[in-house]
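*Asks:* What follows is the file work39.cif, containing mmCIF, C-alpha atoms:
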data_input
#
loop_
_atom_site.label_atom_id
_atom_site.label_comp_id
_atom_site.auth_asym_id
_atom_site.auth_seq_id
_atom_site.Cartn_x
_atom_site.Cartn_y
_atom_site.Cartn_z
CA MET A 1 92.32 120.23 92.09
CA ASN A 2 89.83 121.40 89.51
CA PHE A 3 88.47 120.07 86.26
CA ILE A 4 88.19 121.88 82.98
CA VAL A 5 86.07 120.64 80.14
CA GLY A 6 85.72 121.87 76.61
CA THR A 7 86.63 121.57 72.97
CA ALA A 8 89.83 122.96 71.46
CA THR A 9 87.98 126.20 70.78
CA ASP A 10 86.90 126.45 74.41
CA LEU A 11 90.31 125.64 75.82
CA LYS A 12 92.25 128.11 73.62
CA SER A 13 95.70 127.42 72.27
CA GLY A 14 97.63 127.92 75.50
CA LEU A 15 95.75 125.26 77.41
CA MET A 16 95.69 122.95 74.40
CA THR A 17 99.46 123.22 74.13
CA GLU A 18 99.78 122.53 77.84
CA MET A 19 97.63 119.45 77.43
CA ALA A 20 99.59 118.22 74.39
CA ARG A 21 102.85 118.71 76.27
CA TYR A 22 101.45 116.77 79.22
CA ARG A 23 100.30 113.97 76.94
CA HIS A 24 103.78 113.82 75.43
CA ARG A 25 105.35 113.54 78.87
CA VAL A 26 102.98 110.74 79.87
CA PHE A 27 102.52 108.65 76.75
CA ILE A 28 105.82 109.18 74.95
CA GLU A 29 108.36 109.93 77.66
CA LYS A 30 106.97 107.82 80.51
CA LEU A 31 105.05 105.02 78.83
CA GLY A 32 107.19 104.82 75.69
CA TRP A 33 104.35 104.76 73.18
CA ASN A 34 105.54 104.87 69.61
CA LEU A 35 103.55 107.81 68.28
CA PRO A 36 104.64 110.46 65.76
CA CYS A 37 105.06 113.81 67.51
CA GLU A 38 106.56 117.20 66.83
CA ASN A 39 107.99 119.72 69.27
CA ALA A 40 107.33 117.44 72.24
CA LEU A 41 103.57 117.83 71.73
CA GLU A 42 101.29 114.83 71.34
CA TYR A 43 98.37 115.24 68.98
CA ASP A 44 96.78 112.85 66.53
CA GLN A 45 94.07 112.80 63.88
CA PHE A 46 91.36 112.48 66.52
CA ASP A 47 92.14 115.84 68.06
CA ARG A 48 89.50 117.68 66.07
CA GLU A 49 87.26 120.66 66.49
CA ASP A 50 84.48 118.51 67.97
CA THR A 51 86.74 116.54 70.33
CA LEU A 52 85.87 117.04 73.97
CA TYR A 53 88.62 117.25 76.57
CA VAL A 54 88.55 116.91 80.32
CA LEU A 55 91.61 118.27 82.10
CA ALA A 56 92.49 117.99 85.77
CA ARG A 57 94.74 120.66 87.26
CA ASN A 58 96.30 120.75 90.69
CA ASP A 59 96.29 123.73 93.04
CA GLU A 60 99.38 125.11 91.31
CA GLY A 61 97.52 125.13 88.02
CA ASN A 62 99.55 122.35 86.45
CA VAL A 63 97.83 119.67 84.40
CA VAL A 64 97.69 116.40 86.35
CA GLY A 65 95.24 114.49 84.20
CA THR A 66 93.70 114.38 80.76
CA ALA A 67 90.88 112.54 79.05
CA ARG A 68 89.64 112.77 75.50
CA LEU A 69 86.06 112.06 74.48
CA LEU A 70 84.94 111.35 70.94
CA PRO A 71 81.45 110.59 69.69
CA THR A 72 81.27 107.27 67.87
CA THR A 73 79.19 108.92 65.18
CA ARG A 74 82.46 110.30 63.80
CA PRO A 75 85.85 108.59 63.32
CA TYR A 76 87.39 107.36 66.56
CA LEU A 77 90.40 105.36 67.68
CA LEU A 78 88.83 101.95 68.30
CA ALA A 79 86.97 101.84 65.00
CA GLU A 80 89.70 103.36 62.86
CA VAL A 81 92.93 101.99 64.34
CA PHE A 82 92.04 98.92 66.40
CA PRO A 83 88.92 97.34 64.83
CA GLU A 84 90.35 93.88 65.53
CA LEU A 85 89.64 94.49 69.21
CA LEU A 86 85.91 94.57 68.46
CA ASN A 87 85.72 90.77 68.27
CA ALA A 88 83.84 90.75 64.94
CA MET A 89 81.25 93.16 66.29
CA PRO A 90 80.34 96.19 64.16
CA ALA A 91 81.99 99.33 65.47
CA PRO A 92 79.56 101.31 67.62
CA ALA A 93 78.16 104.32 65.80
CA SER A 94 75.63 105.88 68.11
CA PRO A 95 75.14 109.17 69.94
CA GLU A 96 74.70 107.00 73.04
CA VAL A 97 78.22 105.58 72.78
CA TRP A 98 81.31 107.75 73.20
CA GLU A 99 84.96 106.84 73.19
CA LEU A 100 87.41 107.67 75.95
CA SER A 101 91.06 107.88 74.94
CA ARG A 102 94.37 109.48 75.96
CA PHE A 103 93.37 108.97 79.56
CA ALA A 104 96.16 109.83 81.97
CA ALA A 105 96.45 110.94 85.58
CA MET A 106 100.04 111.57 86.57
CA ASP A 107 101.08 114.47 88.76
CA PHE A 108 104.61 115.35 87.77
CA ASP A 109 104.86 117.59 90.81
CA GLN A 110 104.75 114.51 93.02
CA PRO A 111 108.02 112.69 93.73
CA ASP A 112 106.40 109.25 93.46
CA CYS A 113 104.85 110.00 90.07
CA SER A 114 104.70 106.69 88.25
CA PRO A 115 102.97 105.28 85.17
CA LEU A 116 101.93 102.30 87.26
CA SER A 117 99.70 104.40 89.46
CA GLN A 118 98.29 106.59 86.75
CA VAL A 119 95.05 104.69 86.45
CA SER A 120 94.56 103.83 90.10
CA SER A 121 95.11 107.14 91.88
CA PRO A 122 92.27 109.17 93.37
CA VAL A 123 92.87 111.72 90.62
CA ALA A 124 92.38 109.01 88.02
CA ILE A 125 89.11 107.85 89.55
CA GLU A 126 87.82 111.42 89.81
CA LEU A 127 88.91 112.16 86.28
CA LEU A 128 87.19 109.05 84.98
CA ASN A 129 84.01 109.96 86.81
CA ALA A 130 84.20 113.48 85.38
CA ALA A 131 84.69 112.10 81.87
CA LEU A 132 81.74 109.73 82.28
CA ALA A 133 79.57 112.58 83.54
CA CYS A 134 80.57 114.83 80.65
CA ALA A 135 79.81 112.12 78.14
CA GLY A 136 76.56 111.36 79.94
CA ALA A 137 75.54 114.97 79.69
CA ARG A 138 75.88 114.66 75.94
CA GLY A 139 73.66 111.62 75.72
CA ALA A 140 76.20 108.84 76.29
CA ARG A 141 74.96 105.73 78.00
CA ARG A 142 78.18 103.85 77.45
CA ILE A 143 81.87 104.57 76.96
CA VAL A 144 84.22 102.44 74.90
CA SER A 145 87.98 102.62 75.20
CA VAL A 146 91.18 101.00 73.99
CA SER A 147 93.38 100.46 77.02
CA PRO A 148 96.35 98.52 78.34
CA LEU A 149 95.11 95.27 79.83
CA GLY A 150 95.95 96.36 83.36
CA VAL A 151 93.33 99.07 83.21
CA GLU A 152 90.57 96.46 83.30
CA ARG A 153 91.79 95.23 86.66
CA LEU A 154 91.92 98.74 88.03
CA LEU A 155 88.46 99.62 86.74
CA ARG A 156 87.12 96.56 88.52
CA LYS A 157 88.91 97.43 91.75
CA ALA A 158 87.53 100.96 91.56
CA GLY A 159 84.00 99.59 91.35
CA PHE A 160 83.21 100.16 87.70
CA ARG A 161 81.18 97.39 86.10
CA ALA A 162 83.19 97.55 82.94
CA HIS A 163 83.65 94.58 80.67
CA ARG A 164 85.85 93.68 77.77
CA ILE A 165 84.47 93.54 74.26
CA GLY A 166 86.83 90.83 73.09
CA PRO A 167 90.15 89.16 73.76
CA PRO A 168 93.26 91.31 74.22
CA ILE A 169 95.91 91.60 71.51
CA ARG A 170 99.59 92.44 71.81
CA VAL A 171 100.75 95.77 70.40
CA ASP A 172 104.47 96.52 70.71
CA GLY A 173 104.68 93.61 73.11
CA SER A 174 102.02 94.85 75.51
CA PRO A 175 98.47 93.50 75.64
CA ILE A 176 95.69 95.97 74.98
CA PHE A 177 91.94 95.45 74.88
CA ALA A 178 88.68 97.21 74.16
CA CYS A 179 86.40 97.82 77.08
CA SER A 180 82.88 99.02 77.55
CA ILE A 181 82.03 101.14 80.58
CA PRO A 182 78.40 101.97 81.38
CA VAL A 183 77.75 105.54 82.42
CA PRO A 184 76.62 104.79 85.96
CA GLU A 185 73.73 106.74 87.39
CA HIS A 186 74.86 106.43 90.98
CA ARG A 187 78.32 107.71 90.28
CA ILE A 188 77.12 110.76 88.48
CA THR A 189 74.57 111.64 91.10
CA SER A 190 76.65 110.83 94.18
CA VAL A 191 80.15 111.91 93.24
CA ARG A 192 79.26 115.10 91.48
CA THR A 193 78.47 117.45 94.32
CA PRO A 194 79.16 121.13 93.70
CA SER A 195 81.59 121.37 96.57
CA THR A 196 83.95 118.86 95.01
CA TYR A 197 84.44 121.01 91.93
CA PRO A 198 86.14 124.33 92.54
CA TYR A 199 85.79 127.00 89.97
CA GLY A 200 87.95 126.59 86.93
CA ARG A 201 88.29 128.54 83.77
CA PHE A 202 85.40 126.50 82.45
CA ASP A 203 83.31 125.40 85.36
CA ILE A 204 82.36 121.76 84.98
CA ARG A 205 79.52 121.92 87.49
CA PRO A 206 76.66 122.87 85.15
CA THR A 207 77.59 119.95 82.93
CA LEU A 208 77.68 117.58 85.85
CA HIS A 209 74.38 118.79 87.23
CA ARG A 210 72.81 118.38 83.85
CA ALA A 211 74.21 114.86 83.58
CA ALA A 212 72.96 113.99 87.03
CA SER A 213 69.53 115.35 86.22
CA LEU A 214 69.36 113.41 82.99
CA MET A 215 70.34 110.20 84.66
CA THR A 216 68.08 110.71 87.67
CA HIS A 217 64.96 111.60 85.75
CA GLY A 218 65.51 109.26 82.85
CA ALA A 219 65.21 111.94 80.23
CA PRO A 220 65.88 110.91 76.65
CA ALA A 221 69.30 111.37 75.14
CA LEU A 222 70.18 114.89 74.15
CA ALA A 223 69.55 115.81 70.56
CA MET B 1 75.00 82.50 71.50
CA LYS B 2 74.21 86.12 70.86
CA THR B 3 76.33 89.26 71.04
CA SER B 4 74.66 92.33 72.49
CA GLU B 5 75.28 95.88 71.33
CA ASP B 6 77.75 96.45 74.15
CA GLY B 7 79.86 93.50 73.10
CA LEU B 8 78.76 90.97 75.71
CA ILE B 9 78.25 87.43 74.47
CA HIS B 10 75.07 85.98 75.92
CA LEU B 11 75.15 82.23 76.28
CA SER B 12 74.17 79.47 78.70
CA ILE B 13 76.64 77.75 80.97
CA ASP B 14 76.23 74.59 78.89
CA GLU B 15 77.11 76.49 75.75
CA LEU B 16 80.13 77.99 77.46
CA LEU B 17 81.33 74.63 78.72
CA SER B 18 81.00 73.17 75.22
CA LEU B 19 83.50 75.69 73.82
CA ARG B 20 87.17 74.90 73.54
CA LEU B 21 89.07 77.45 75.58
CA GLN B 22 92.79 77.77 74.95
CA HIS B 23 95.57 79.78 76.45
CA LEU B 24 96.15 83.15 74.78
CA LEU B 25 98.81 84.92 76.83
CA SER B 26 100.16 85.27 80.35
CA GLY B 27 102.50 87.68 82.02
CA LEU B 28 103.96 88.88 85.27
CA ASP B 29 102.94 91.99 87.14
CA HIS B 30 105.64 94.56 87.54
CA GLU B 31 103.78 96.94 89.79
CA GLY B 32 104.62 96.61 93.44
CA ALA B 33 107.31 94.05 92.78
CA THR B 34 109.87 96.10 94.63
CA GLU B 35 107.73 96.84 97.66
CA HIS B 36 108.93 93.76 99.42
CA GLY B 37 112.27 93.73 97.70
CA VAL B 38 114.37 93.95 100.82
CA CYS B 39 117.29 91.63 101.24
CA GLY B 40 116.08 88.41 102.78
CA GLY B 41 112.45 89.43 102.41
CA MET B 42 109.77 87.37 100.81
CA THR B 43 109.33 87.77 97.07
CA TYR B 44 105.80 88.33 95.90
CA ILE B 45 105.11 87.03 92.41
CA SER B 46 101.85 87.72 90.65
CA GLY B 47 100.56 87.97 87.13
CA TYR B 48 97.68 87.51 84.77
CA THR B 49 96.51 84.93 82.29
CA GLU B 50 94.17 85.13 79.32
CA TRP B 51 92.15 82.36 77.72
CA VAL B 52 90.08 82.49 74.57
CA SER B 53 87.67 80.29 72.67
CA THR B 54 88.31 79.15 69.14
CA SER B 55 84.78 80.17 68.19
CA GLN B 56 83.70 83.45 66.62
CA PRO B 57 82.90 85.74 68.21
CA ALA B 58 85.57 84.72 70.66
CA VAL B 59 84.79 84.19 74.30
CA SER B 60 87.48 85.80 76.42
CA LEU B 61 88.35 85.02 80.04
CA GLY B 62 91.15 86.60 82.01
CA TRP B 63 92.15 86.63 85.66
CA ASP B 64 94.99 87.42 87.99
CA TRP B 65 97.07 84.90 89.89
CA CYS B 66 99.78 84.85 92.48
CA ILE B 67 102.24 82.41 93.91
CA ARG B 68 101.83 81.86 97.62
CA PRO B 69 104.12 79.90 99.90
CA VAL B 70 102.64 76.72 101.34
CA PHE B 71 104.13 73.97 103.43
CA ARG B 72 107.22 72.70 101.61
CA GLY B 73 106.65 74.65 98.48
CA SER B 74 104.40 77.14 96.77
CA ALA B 75 101.00 77.20 95.15
CA LEU B 76 99.50 79.08 92.26
CA LEU B 77 96.21 80.74 93.18
CA ARG B 78 93.63 82.69 91.24
CA VAL B 79 93.22 86.19 92.67
CA GLY B 80 89.99 88.13 92.38
CA GLU B 81 87.25 87.95 89.82
CA VAL B 82 87.34 86.75 86.25
CA ARG B 83 87.21 89.47 83.58
CA SER B 84 85.26 88.47 80.53
CA ASN B 85 82.97 89.35 77.65
CA VAL B 86 80.53 86.63 78.71
CA CYS B 87 77.08 87.24 80.11
CA LEU B 88 75.54 83.97 81.19
CA ILE B 89 71.85 83.33 80.76
CA ASN B 90 69.73 80.82 82.65
CA GLU B 91 67.37 78.19 81.30
CA GLY B 92 64.63 80.74 80.94
CA GLY B 93 66.87 82.96 78.86
CA ASN B 94 67.24 85.54 81.60
CA VAL B 95 70.52 87.28 82.20
CA ALA B 96 72.43 86.23 85.31
CA SER B 97 73.17 88.87 87.90
CA TRP B 98 76.59 90.50 87.86
CA GLU B 99 77.64 88.57 90.95
CA ARG B 100 76.25 85.22 89.82
CA ASN B 101 77.89 85.66 86.44
CA LEU B 102 81.27 86.26 88.04
CA GLU B 103 80.87 83.29 90.37
CA ALA B 104 80.09 80.95 87.48
CA LEU B 105 82.92 82.29 85.34
CA ALA B 106 85.32 81.79 88.22
CA MET B 107 84.30 78.15 88.39
CA VAL B 108 84.91 77.80 84.66
CA ALA B 109 88.32 79.44 85.01
CA ASP B 110 89.27 77.18 87.88
CA SER B 111 88.42 74.14 85.79
CA LEU B 112 90.93 75.06 83.10
CA PRO B 113 94.48 73.63 83.27
CA TRP B 114 96.03 77.04 83.81
CA LYS B 115 98.02 76.10 86.90
CA GLU B 116 99.94 73.59 84.86
CA LEU B 117 100.42 75.81 81.84
CA VAL B 118 101.13 79.28 83.21
CA PRO B 119 104.45 78.49 84.96
CA ALA B 120 105.88 77.07 81.75
CA VAL B 121 104.72 80.10 79.75
CA ILE B 122 106.22 82.48 82.28
CA ASN B 123 109.49 80.56 82.25
CA ASP B 124 109.65 80.79 78.47
CA CYS B 125 108.83 84.50 78.44
CA TYR B 126 111.18 85.67 81.15
CA ASN B 127 114.14 83.30 80.96
#
Write out the structure in this file as structure tokens.
*Replies:*
Amino acid sequence: MNFIVGTATDLKSGLMTEMARYRHRVFIEKLGWNLPCENALEYDQFDREDTLYVLARNDEGNVVGTARLLPTTRPYLLAEVFPELLNAMPAPASPEVWELSRFAAMDFDQPDCSPLSQVSSPVAIELLNAALACAGARGARRIVSVSPLGVERLLRKAGFRAHRIGPPIRVDGSPIFACSIPVPEHRITSVRTPSTYPYGRFDIRPTLHRAASLMTHGAPALA
Amino acid sequence: MKTSEDGLIHLSIDELLSLRLQHLLSGLDHEGATEHGVCGGMTYISGYTEWVSTSQPAVSLGWDWCIRPVFRGSALLRVGEVRSNVCLINEGGNVASWERNLEALAMVADSLPWKELVPAVINDCYN
């Protein structure tokens, strides 16, 4: 497995289309989310030129995971679509807070591929760590996310000291909530060893090393 | 009571205990339900429950539960830690450790009448 990180410009149209198709398979076809889509591709208004993506691909080159990172200094999902999840708190708007969305880790090449395991698999944990490291390298100290309620349980089991921002609400019958995940120093420095990240089209290792260095030496947030 | 930038509500245990916490929602887990679904096998039932204060900002507590067989019946048990937006502070105004916070919140959760309420809610939702 390898990770690829970049903006839409970095990823080029072919990989972006692959990611949008994967997102459609996960969120629309598997999870049944009610989102407007065309041509079996899932995009929304937050897929912009400055949006950062983290993709996981298996050894066959197929996408097995996606994550989307947005700075809270520009419009993002929690603030724009689900402000009621903020529990009367002002929406974060800081270069030190980024939003994680469209997080998925399902390998359709596996026979036991299931939405229920998509946030608890080793791929999911690695992908989340990669996303946290990428955000950390850009000055993030904290990640916020709108997630199904079950994700909170899985984050806790995986060792993340995440917490909810407010009570859950039901959307289309399913409870969702806003969570806050600190960018953990020990995860960035211990999980991100060069050997765990094979070369990809866009090698994630320099980003991870930079994130680890920032967190280790306590350098100020990136400008 | 004070909300920090990351959304945690800082308050003392006395302040927390003075709040009225009410049931928000409960549900059953669907994951893993079929793992033991062999004919004649034991059924494993588990779920989650959410409680919220009537105050603003709202204090939120949630935890998992399961039904375990006991002698001549079954019992509802809390499983694992409480998930919350509460960060307890001590008398000196210092923040409790992560572990101490979870321990105290678990005690608060266990003091709520959830074992009486959740079965009825689940019955209403799924029957």
*Asks:* List the spatial neighbours of Lys115 (chain B) as a ChimeraX atom specification - criterion: any atom at most 10 Å away, all atoms listed in the file, same-chain residues fewer than 2 positions off excluded.
*Replies:* /B:65,75-78,110-113,117-120
*Asks:* Using all atoms listed in the file, what does the table of chain A residues within 10 Å of chain B look like, with each row giving the shortest atom pair and its distance in Å to one decimal, sorted by chain and ascending number, as a tab-separated table?
*Replies:*
residue	atom	partner	partner_atom	distance
A:Leu86	CA	B:Gly7	CA	7.7
A:Asn87	CA	B:Pro57	CA	5.8
A:Ala88	CA	B:Pro57	CA	6.1
A:Met89	CA	B:Gly7	CA	7.0
A:Pro90	CA	B:Glu5	CA	8.8
A:Ala91	CA	B:Glu5	CA	9.6
A:Pro92	CA	B:Glu5	CA	7.8
A:Val97	CA	B:Asp6	CA	9.2
A:Ser114	CA	B:Glu31	CA	9.9
A:Pro115	CA	B:Glu31	CA	9.6
A:Leu116	CA	B:Glu31	CA	6.2
A:Ser117	CA	B:Glu31	CA	8.5
A:Arg142	CA	B:Asp6	CA	8.1
A:Ile143	CA	B:Asp6	CA	9.5
A:Val144	CA	B:Asp6	CA	8.8
A:Leu149	CA	B:Tyr48	CA	9.6
A:Gly150	CA	B:Asp29	CA	9.1
A:Glu152	CA	B:Arg83	CA	7.8
A:Arg153	CA	B:Arg83	CA	8.0
A:Arg156	CA	B:Arg83	CA	8.6
A:Lys157	CA	B:Gly80	CA	9.4
A:Arg161	CA	B:Trp98	CA	8.5
A:Ala162	CA	B:Arg83	CA	9.0
A:His163	CA	B:Asn85	CA	6.1
A:Arg164	CA	B:Asn85	CA	5.2
A:Ile165	CA	B:Gly7	CA	4.8
A:Gly166	CA	B:Ser60	CA	6.1
A:Pro167	CA	B:Ser60	CA	5.0
A:Pro168	CA	B:Glu50	CA	8.1
A:Ile169	CA	B:Leu25	CA	9.0
A:Arg170	CA	B:Leu25	CA	9.1
A:Ser174	CA	B:Gly27	CA	9.7
A:Pro175	CA	B:Leu25	CA	8.7
A:Ala178	CA	B:Gly7	CA	9.6
A:Cys179	CA	B:Gly7	CA	8.8
A:Ser180	CA	B:Asp6	CA	6.7
A:Ile181	CA	B:Asp6	CA	9.0
A:Pro182	CA	B:Asp6	CA	9.1
*Asks:* Once the PyMOL selection byres ((chain A and resi 127) around 10) is applied to the coordinates I shared, what remains selected? I want it as a PyMOL selection string.
*Replies:* chain A and resi 2-3+54-56+64-67+103-105+119+121-126+128-133
*Asks:* Evaluating the PyMOL selection byres ((chain A and resi 20) around 10) on the displayed file yields which residues, as a ChimeraX atom specification?
*Replies:* /A:14-19,21-26,37,39-44,66
*Asks:* So the first atom is CA of Glu60 (chain A) and the second is CA of Gly6 (chain A); what is the distance between them in Å, to one decimal place?
*Replies:*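 One can read the CA of Glu60 (chain A) to CA of Gly6 (chain A) distance as 20.3 Å.
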*Asks:* Please compute the CA of Arg141 (chain A)-CA of Glu99 (chain A) distance, one decimal, in Å.
*Replies:* 11.2 Å
*Asks:* Using the file's own x, y and z axes, so that the box edges lie along x, y and z, what centre and edge lengths in Å (one decimal) does a box around every listed atom of region 146-149 of chain A get when 6 Å is added on each side? Give it as AutoDock Vina command-line options.
*Replies:*
--center_x 93.8 --center_y 98.1 --center_z 76.9 --size_x 17.2 --size_y 17.7 --size_z 17.8
*Asks:* Write out as a PyMOL selection string which residues come within 9 Å of Phe46 (chain A) when counting all atoms listed in the file, dropping same-chain ones fewer than 4 positions away.
*Replies:* chain A and resi 51+70+75-77
*Asks:* Would you kindly return, as a ChimeraX atom specification, each protein, DNA or RNA residue with an atom no farther than 12 Å from any atom of Glu91 (chain B), considering only C-alpha atoms and excluding same-chain residues fewer than 2 positions away?
*Replies:* /B:11-15,88-89,93-96
*Asks:* If you measure from CA of Leu52 (chain A) to CA of Val5 (chain A), what distance in Å do you get, rounded to one decimal?
*Replies:*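 A separation of 7.1 Å between them.
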*Asks:* Can you translate the PyMOL selection byres ((chain B and resi 68) around 10) into the concrete residues it hits in this file, as a list in words?
*Replies:*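 Selection result, ordered by chain and number: Thr43, Tyr44, Ile45, Ser46, Trp65, Cys66, Ile67, Pro69, Val70, Gly73, Ser74, Ala75, Leu76 and Leu77 of chain B.
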*Asks:* Do a neighbour search on Met1 (chain A) at 6 Å with all atoms listed in the file, toss out local chain neighbours closer than 3 positions, and write the hits as a list in words.
*Replies:*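 Here the answer would be Arg57, Asn58 and Asp59 of chain A.
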